[in-house]
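Right, one structure below, let's go through it.
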Amino acid sequence: METHKPLADFLRARRELLRPEDVGLARGERRRVPGLRREEVALLAGISSEYYLRLEQGRDQHPSDQVVEAIASALQLDEESRAHVAELARARPGRGPAKRRRPQRVPDGVRMLIDTVNVPAFVMNQYRDVLAVNRLATLLEPALVVGANRLISLFTDEETRASHPDWNQNTASVVAQLRADTGAEEDDPQFQALIGELSMKSERFRQLWARHDVSLVGSPTGVIHNRQVGDLLLRREKFAVIGSAGLVVVMYHAEPGTADSEKLALLGSLS
């Protein structure tokens with residue numbers, strides 16, 4: 001069975017996304033590979049072609065910090081991707097299979113909070129499973145119910161897709177965030193199961209996952225279409241639940257005095 005090599009996969013994916021002209025190189029007429037050639041990345045990074053080949057083949061998975069930084073510059077990685085590739089380079093095997101985590105419990109105080117705030121709010125874990133949700137959140141987006149998975153719904157449910165007019169941008173953002181969350185921990189069985197299910201059910205997910213984009217946070221705003229009140233431009237806030245690893249409270253709210261604020265208030269008045 002082929003051993004998973006996250007650093008090699010990342011380097012190959014990011015190399016193939018760069019065009020020669022992006023780094024000041026001529027494309028030429030006989031180019032047969034997508035993106036840059038390996039030897040071009042090696043040249044830009046100031047390392048040997050043979051050593052870079054070893055990295056992409058996974059025969060060396062722990063380059064020095066200096067080499068990682070040089071390759072990151074050659075591939076024009078942003079700060080989040082630089083941190084991600086550095087983490088992959090530091091990861092060490094031999095820890096054994098990851099154990100399945102115990103079911104997570106939403107603290108009573110957090111449940112009380114989301115039930116009393118006058119904005120759509122829900123709690124999810126690192127796998128994007130919805131563990132608690134208030135009435136207004138479900139009114140806003142019917143797929144927001146306890147037991148649903150935000151990623152599965154977004155990529156496979158047509159009603160959920162219709163709720164997100166910015167679906168293309170949204171899906172790209174959430175996959176980049178998932179990539180950042182998994183980091184070097186892709187052996188987590190629950191992450192593996194989630195990624196496997198999404199890969200089988202969604203071509204869009206497969207394409208985005210293969211890009212190896214990384215983002216720690218998404219856009220602070222998003223558009224949600226609601227059948228009863230139309231489109232709402234809402235701000236999205238996320239708060240980590242202290243003492244409950246992986247749990248996040250997500251709240252939507254509108255700018256005061258705007259039409260979106262009025263629509264949200266109208267939605268809350270509906271039975």
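The chains in the structure tokens are called A, B, ... from first to last as shown; in each chain the residues are counted from 1, and the ligands are counted from 1 in the order shown.
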
Among the residues of region 70-235 of chain A, find those DSSP assigns to strand (DSSP E or B) from the backbone and print them as a PDB file with all heavy atoms, in the first residue's frame.
```pdb
ATOM      1  N   ALA A 121     -27.444  31.237  15.461  1.00  0.00           N
ATOM      2  CA  ALA A 121     -26.221  30.736  16.095  1.00  0.00           C
ATOM      3  C   ALA A 121     -26.258  29.225  16.172  1.00  0.00           C
ATOM      4  O   ALA A 121     -27.321  28.613  16.322  1.00  0.00           O
ATOM      5  CB  ALA A 121     -26.066  31.328  17.500  1.00  0.00           C
ATOM      6  N   PHE A 122     -25.079  28.619  16.045  1.00  0.00           N
ATOM      7  CA  PHE A 122     -24.983  27.175  16.191  1.00  0.00           C
ATOM      8  C   PHE A 122     -23.592  26.802  16.678  1.00  0.00           C
ATOM      9  O   PHE A 122     -22.672  27.633  16.693  1.00  0.00           O
ATOM     10  CB  PHE A 122     -25.319  26.451  14.880  1.00  0.00           C
ATOM     11  CG  PHE A 122     -24.388  26.742  13.734  1.00  0.00           C
ATOM     12  CD1 PHE A 122     -23.341  25.876  13.428  1.00  0.00           C
ATOM     13  CD2 PHE A 122     -24.562  27.864  12.932  1.00  0.00           C
ATOM     14  CE1 PHE A 122     -22.484  26.126  12.365  1.00  0.00           C
ATOM     15  CE2 PHE A 122     -23.714  28.115  11.859  1.00  0.00           C
ATOM     16  CZ  PHE A 122     -22.670  27.256  11.571  1.00  0.00           C
ATOM     17  N   VAL A 123     -23.430  25.556  17.095  1.00  0.00           N
ATOM     18  CA  VAL A 123     -22.157  25.035  17.567  1.00  0.00           C
ATOM     19  C   VAL A 123     -21.761  23.866  16.680  1.00  0.00           C
ATOM     20  O   VAL A 123     -22.585  22.984  16.398  1.00  0.00           O
ATOM     21  CB  VAL A 123     -22.235  24.560  19.040  1.00  0.00           C
ATOM     22  CG1 VAL A 123     -20.874  24.045  19.505  1.00  0.00           C
ATOM     23  CG2 VAL A 123     -22.719  25.681  19.946  1.00  0.00           C
ATOM     24  N   MET A 124     -20.505  23.869  16.215  1.00  0.00           N
ATOM     25  CA  MET A 124     -20.011  22.745  15.423  1.00  0.00           C
ATOM     26  C   MET A 124     -18.650  22.318  15.953  1.00  0.00           C
ATOM     27  O   MET A 124     -17.981  23.070  16.677  1.00  0.00           O
ATOM     28  CB  MET A 124     -19.920  23.117  13.943  1.00  0.00           C
ATOM     29  CG  MET A 124     -18.897  24.176  13.612  1.00  0.00           C
ATOM     30  SD  MET A 124     -18.868  24.534  11.818  1.00  0.00           S
ATOM     31  CE  MET A 124     -17.507  25.723  11.755  1.00  0.00           C
ATOM     32  N   ASP A 129     -19.561  18.950  12.193  1.00  0.00           N
ATOM     33  CA  ASP A 129     -20.827  18.380  12.629  1.00  0.00           C
ATOM     34  C   ASP A 129     -21.553  19.415  13.479  1.00  0.00           C
ATOM     35  O   ASP A 129     -20.960  20.016  14.386  1.00  0.00           O
ATOM     36  CB  ASP A 129     -20.608  17.122  13.478  1.00  0.00           C
ATOM     37  CG  ASP A 129     -19.916  16.016  12.702  1.00  0.00           C
ATOM     38  OD1 ASP A 129     -20.273  15.811  11.526  1.00  0.00           O
ATOM     39  OD2 ASP A 129     -19.023  15.354  13.270  1.00  0.00           O
ATOM     40  N   VAL A 130     -22.845  19.626  13.224  1.00  0.00           N
ATOM     41  CA  VAL A 130     -23.637  20.568  14.001  1.00  0.00           C
ATOM     42  C   VAL A 130     -24.098  19.876  15.283  1.00  0.00           C
ATOM     43  O   VAL A 130     -24.797  18.861  15.238  1.00  0.00           O
ATOM     44  CB  VAL A 130     -24.849  21.067  13.193  1.00  0.00           C
ATOM     45  CG1 VAL A 130     -25.697  22.016  14.039  1.00  0.00           C
ATOM     46  CG2 VAL A 130     -24.385  21.762  11.912  1.00  0.00           C
ATOM     47  N   LEU A 131     -23.701  20.429  16.425  1.00  0.00           N
ATOM     48  CA  LEU A 131     -24.000  19.810  17.723  1.00  0.00           C
ATOM     49  C   LEU A 131     -25.106  20.528  18.481  1.00  0.00           C
ATOM     50  O   LEU A 131     -25.730  19.942  19.361  1.00  0.00           O
ATOM     51  CB  LEU A 131     -22.735  19.771  18.587  1.00  0.00           C
ATOM     52  CG  LEU A 131     -21.520  19.063  17.972  1.00  0.00           C
ATOM     53  CD1 LEU A 131     -20.360  19.066  18.957  1.00  0.00           C
ATOM     54  CD2 LEU A 131     -21.862  17.641  17.562  1.00  0.00           C
ATOM     55  N   ALA A 132     -25.321  21.784  18.165  1.00  0.00           N
ATOM     56  CA  ALA A 132     -26.399  22.556  18.794  1.00  0.00           C
ATOM     57  C   ALA A 132     -26.738  23.707  17.856  1.00  0.00           C
ATOM     58  O   ALA A 132     -25.864  24.235  17.167  1.00  0.00           O
ATOM     59  CB  ALA A 132     -25.982  23.089  20.163  1.00  0.00           C
ATOM     60  N   VAL A 133     -28.017  24.099  17.818  1.00  0.00           N
ATOM     61  CA  VAL A 133     -28.438  25.152  16.895  1.00  0.00           C
ATOM     62  C   VAL A 133     -29.675  25.841  17.457  1.00  0.00           C
ATOM     63  O   VAL A 133     -30.506  25.191  18.115  1.00  0.00           O
ATOM     64  CB  VAL A 133     -28.723  24.556  15.496  1.00  0.00           C
ATOM     65  CG1 VAL A 133     -29.820  23.525  15.546  1.00  0.00           C
ATOM     66  CG2 VAL A 133     -29.043  25.637  14.485  1.00  0.00           C
ATOM     67  N   ASN A 149     -23.900  17.706   8.860  1.00  0.00           N
ATOM     68  CA  ASN A 149     -22.508  18.100   8.685  1.00  0.00           C
ATOM     69  C   ASN A 149     -22.477  19.237   7.674  1.00  0.00           C
ATOM     70  O   ASN A 149     -23.002  19.117   6.568  1.00  0.00           O
ATOM     71  CB  ASN A 149     -21.664  16.926   8.184  1.00  0.00           C
ATOM     72  CG  ASN A 149     -20.202  17.299   8.010  1.00  0.00           C
ATOM     73  OD1 ASN A 149     -19.809  17.849   6.983  1.00  0.00           O
ATOM     74  ND2 ASN A 149     -19.386  17.007   9.005  1.00  0.00           N
ATOM     75  N   THR A 221     -17.877  37.961   5.925  1.00  0.00           N
ATOM     76  CA  THR A 221     -19.266  38.151   5.505  1.00  0.00           C
ATOM     77  C   THR A 221     -19.652  37.085   4.494  1.00  0.00           C
ATOM     78  O   THR A 221     -18.802  36.457   3.860  1.00  0.00           O
ATOM     79  CB  THR A 221     -19.478  39.539   4.866  1.00  0.00           C
ATOM     80  OG1 THR A 221     -18.665  39.642   3.686  1.00  0.00           O
ATOM     81  CG2 THR A 221     -19.126  40.647   5.840  1.00  0.00           C
ATOM     82  N   GLY A 222     -20.936  36.884   4.351  1.00  0.00           N
ATOM     83  CA  GLY A 222     -21.448  35.943   3.365  1.00  0.00           C
ATOM     84  C   GLY A 222     -22.894  36.253   3.037  1.00  0.00           C
ATOM     85  O   GLY A 222     -23.593  36.885   3.834  1.00  0.00           O
ATOM     86  N   VAL A 223     -23.318  35.835   1.854  1.00  0.00           N
ATOM     87  CA  VAL A 223     -24.701  36.034   1.432  1.00  0.00           C
ATOM     88  C   VAL A 223     -25.458  34.722   1.606  1.00  0.00           C
ATOM     89  O   VAL A 223     -25.004  33.671   1.152  1.00  0.00           O
ATOM     90  CB  VAL A 223     -24.779  36.490  -0.034  1.00  0.00           C
ATOM     91  CG1 VAL A 223     -26.243  36.632  -0.468  1.00  0.00           C
ATOM     92  CG2 VAL A 223     -24.033  37.797  -0.228  1.00  0.00           C
ATOM     93  N   ILE A 224     -26.589  34.789   2.276  1.00  0.00           N
ATOM     94  CA  ILE A 224     -27.446  33.619   2.444  1.00  0.00           C
ATOM     95  C   ILE A 224     -28.810  33.931   1.855  1.00  0.00           C
ATOM     96  O   ILE A 224     -29.400  34.982   2.142  1.00  0.00           O
ATOM     97  CB  ILE A 224     -27.583  33.224   3.926  1.00  0.00           C
ATOM     98  CG1 ILE A 224     -26.226  32.776   4.477  1.00  0.00           C
ATOM     99  CG2 ILE A 224     -28.616  32.104   4.095  1.00  0.00           C
ATOM    100  CD1 ILE A 224     -26.251  32.344   5.924  1.00  0.00           C
ATOM    101  N   HIS A 225     -29.293  33.042   1.006  1.00  0.00           N
ATOM    102  CA  HIS A 225     -30.616  33.217   0.413  1.00  0.00           C
ATOM    103  C   HIS A 225     -31.632  32.454   1.241  1.00  0.00           C
ATOM    104  O   HIS A 225     -31.479  31.252   1.498  1.00  0.00           O
ATOM    105  CB  HIS A 225     -30.645  32.706  -1.029  1.00  0.00           C
ATOM    106  CG  HIS A 225     -32.010  32.771  -1.633  1.00  0.00           C
ATOM    107  ND1 HIS A 225     -32.577  33.949  -2.075  1.00  0.00           N
ATOM    108  CD2 HIS A 225     -32.947  31.800  -1.845  1.00  0.00           C
ATOM    109  CE1 HIS A 225     -33.777  33.712  -2.541  1.00  0.00           C
ATOM    110  NE2 HIS A 225     -34.037  32.417  -2.420  1.00  0.00           N
ATOM    111  N   ASN A 226     -32.668  33.157   1.654  1.00  0.00           N
ATOM    112  CA  ASN A 226     -33.745  32.542   2.423  1.00  0.00           C
ATOM    113  C   ASN A 226     -35.037  32.646   1.617  1.00  0.00           C
ATOM    114  O   ASN A 226     -35.351  33.699   1.058  1.00  0.00           O
ATOM    115  CB  ASN A 226     -33.900  33.259   3.768  1.00  0.00           C
ATOM    116  CG  ASN A 226     -35.011  32.654   4.610  1.00  0.00           C
ATOM    117  OD1 ASN A 226     -36.152  33.082   4.519  1.00  0.00           O
ATOM    118  ND2 ASN A 226     -34.669  31.670   5.424  1.00  0.00           N
ATOM    119  N   GLY A 230     -35.599  36.449   1.196  1.00  0.00           N
ATOM    120  CA  GLY A 230     -34.663  36.764   0.124  1.00  0.00           C
ATOM    121  C   GLY A 230     -33.206  36.691   0.556  1.00  0.00           C
ATOM    122  O   GLY A 230     -32.860  35.986   1.510  1.00  0.00           O
ATOM    123  N   ASP A 231     -32.345  37.439  -0.129  1.00  0.00           N
ATOM    124  CA  ASP A 231     -30.908  37.424   0.147  1.00  0.00           C
ATOM    125  C   ASP A 231     -30.572  38.318   1.332  1.00  0.00           C
ATOM    126  O   ASP A 231     -31.091  39.443   1.447  1.00  0.00           O
ATOM    127  CB  ASP A 231     -30.118  37.910  -1.074  1.00  0.00           C
ATOM    128  CG  ASP A 231     -30.125  36.896  -2.214  1.00  0.00           C
ATOM    129  OD1 ASP A 231     -30.617  35.768  -1.988  1.00  0.00           O
ATOM    130  OD2 ASP A 231     -29.645  37.242  -3.305  1.00  0.00           O
ATOM    131  N   LEU A 232     -29.678  37.824   2.187  1.00  0.00           N
ATOM    132  CA  LEU A 232     -29.195  38.596   3.328  1.00  0.00           C
ATOM    133  C   LEU A 232     -27.670  38.607   3.312  1.00  0.00           C
ATOM    134  O   LEU A 232     -27.042  37.543   3.224  1.00  0.00           O
ATOM    135  CB  LEU A 232     -29.664  38.003   4.660  1.00  0.00           C
ATOM    136  CG  LEU A 232     -31.163  37.918   4.928  1.00  0.00           C
ATOM    137  CD1 LEU A 232     -31.708  36.557   4.498  1.00  0.00           C
ATOM    138  CD2 LEU A 232     -31.442  38.117   6.419  1.00  0.00           C
ATOM    139  N   LEU A 233     -27.089  39.782   3.401  1.00  0.00           N
ATOM    140  CA  LEU A 233     -25.649  39.908   3.575  1.00  0.00           C
ATOM    141  C   LEU A 233     -25.376  39.959   5.070  1.00  0.00           C
ATOM    142  O   LEU A 233     -25.763  40.917   5.756  1.00  0.00           O
ATOM    143  CB  LEU A 233     -25.126  41.170   2.900  1.00  0.00           C
ATOM    144  CG  LEU A 233     -23.627  41.469   3.110  1.00  0.00           C
ATOM    145  CD1 LEU A 233     -22.761  40.357   2.511  1.00  0.00           C
ATOM    146  CD2 LEU A 233     -23.253  42.819   2.510  1.00  0.00           C
ATOM    147  N   LEU A 234     -24.724  38.921   5.598  1.00  0.00           N
ATOM    148  CA  LEU A 234     -24.537  38.794   7.040  1.00  0.00           C
ATOM    149  C   LEU A 234     -23.066  38.688   7.397  1.00  0.00           C
ATOM    150  O   LEU A 234     -22.262  38.155   6.640  1.00  0.00           O
ATOM    151  CB  LEU A 234     -25.271  37.545   7.552  1.00  0.00           C
ATOM    152  CG  LEU A 234     -26.790  37.505   7.314  1.00  0.00           C
ATOM    153  CD1 LEU A 234     -27.354  36.170   7.793  1.00  0.00           C
ATOM    154  CD2 LEU A 234     -27.487  38.664   8.014  1.00  0.00           C
ATOM    155  N   ARG A 235     -22.751  39.209   8.552  1.00  0.00           N
ATOM    156  CA  ARG A 235     -21.426  39.004   9.117  1.00  0.00           C
ATOM    157  C   ARG A 235     -21.409  37.659   9.831  1.00  0.00           C
ATOM    158  O   ARG A 235     -22.417  37.203  10.377  1.00  0.00           O
ATOM    159  CB  ARG A 235     -21.057  40.131  10.088  1.00  0.00           C
ATOM    160  CG  ARG A 235     -20.956  41.495   9.426  1.00  0.00           C
ATOM    161  CD  ARG A 235     -20.276  42.502  10.343  1.00  0.00           C
ATOM    162  NE  ARG A 235     -18.905  42.120  10.637  1.00  0.00           N
ATOM    163  CZ  ARG A 235     -17.867  42.407   9.861  1.00  0.00           C
ATOM    164  NH1 ARG A 235     -18.051  43.073   8.734  1.00  0.00           N
ATOM    165  NH2 ARG A 235     -16.654  42.033  10.195  1.00  0.00           N
TER     166      ARG A 235
END
```

Kindly provide the residues of region 12-90 of chain A that approach region 172-178 of chain A to within 12 Å, each paired with its closest atom pair and their distance in Å to one decimal, based on only C-alpha atoms, listed by chain and increasing number, as a tab-separated table.
```
residue	atom	partner	partner_atom	distance
A:Glu80	CA	A:Ala176	CA	10.2
A:Ser81	CA	A:Ala176	CA	9.9
A:His84	CA	A:Ala176	CA	11.1
```

Filtering to N, CA, C and O atoms, could you give me those residues as a tab-separated table (two decimals), in the first residue's frame?
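What landed in selection.tsv:
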```tsv
chain	number	residue	atom	x	y	z
A	80	GLU	N	-0.06	31.82	5.36
A	80	GLU	CA	-0.76	30.65	5.88
A	80	GLU	C	-0.23	29.36	5.23
A	80	GLU	O	-0.04	28.35	5.93
A	81	SER	N	0.04	29.40	3.95
A	81	SER	CA	0.58	28.23	3.27
A	81	SER	C	2.01	27.95	3.71
A	81	SER	O	2.44	26.79	3.78
A	84	HIS	N	1.79	26.17	6.90
A	84	HIS	CA	1.30	24.82	6.66
A	84	HIS	C	2.41	23.90	6.16
A	84	HIS	O	2.59	22.79	6.68
```

Task: Contacts of Leu44 (chain A) at 8 Å (only C-alpha atoms; same-chain gap of 4+ positions) as a list in words - done: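 Near Leu44 (chain A), the qualifying residues are Glu40, Ile71 and Ala74 of chain A.
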
Got time to write the residues from that selection, all heavy atoms, as a short mmCIF file (atom, residue, chain, number, x, y, z; two decimals), in the first residue's frame?
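part.cif written:
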```cif
data_model
loop_
_atom_site.label_atom_id
_atom_site.label_comp_id
_atom_site.auth_asym_id
_atom_site.auth_seq_id
_atom_site.Cartn_x
_atom_site.Cartn_y
_atom_site.Cartn_z
N GLU A 40 12.70 23.81 -12.45
CA GLU A 40 12.50 25.25 -12.36
C GLU A 40 12.28 25.68 -10.91
O GLU A 40 12.80 26.71 -10.47
CB GLU A 40 11.32 25.67 -13.24
CG GLU A 40 11.62 25.53 -14.73
CD GLU A 40 10.39 25.72 -15.60
OE1 GLU A 40 9.26 25.48 -15.12
OE2 GLU A 40 10.56 26.10 -16.78
N ILE A 71 11.84 27.06 -0.75
CA ILE A 71 10.83 26.49 -1.63
C ILE A 71 9.53 27.27 -1.54
O ILE A 71 8.85 27.52 -2.55
CB ILE A 71 10.61 25.00 -1.30
CG1 ILE A 71 11.86 24.19 -1.63
CG2 ILE A 71 9.40 24.45 -2.06
CD1 ILE A 71 11.77 22.74 -1.21
N ALA A 74 9.89 30.23 -3.67
CA ALA A 74 9.86 29.85 -5.09
C ALA A 74 8.44 29.57 -5.56
O ALA A 74 8.07 29.91 -6.68
CB ALA A 74 10.73 28.62 -5.31
#
```

- [ ] Work out how far apart CA of Val117 (chain A) and CA of Leu266 (chain A) are and give it in Å to one decimal.
- [x]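 About the pair CA of Val117 (chain A) and CA of Leu266 (chain A): they are 15.6 Å apart.
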
Task: Which of A:Gln104, A:Gln126, A:Asn170, A:Ser219 sits closest to Leu194 (chain A) [using only C-alpha atoms] - done: A:Gln126

Please produce, as CSV, a per-residue contact table for region 193-246 of chain A versus region 106-114 of chain A (criterion: any atom at most 12 Å away, only C-alpha atoms considered), showing the nearest atom pair and its distance in Å to one decimal, sorted by chain then residue number.
```
residue,atom,partner,partner_atom,distance
A:Phe239,CA,A:Val110,CA,10.9
A:Ala240,CA,A:Val110,CA,10.9
A:Val241,CA,A:Val110,CA,8.1
A:Ile242,CA,A:Pro107,CA,10.0
A:Gly243,CA,A:Pro107,CA,9.4
A:Ser244,CA,A:Val106,CA,7.9
A:Ala245,CA,A:Val106,CA,10.7
A:Gly246,CA,A:Val106,CA,10.9
```
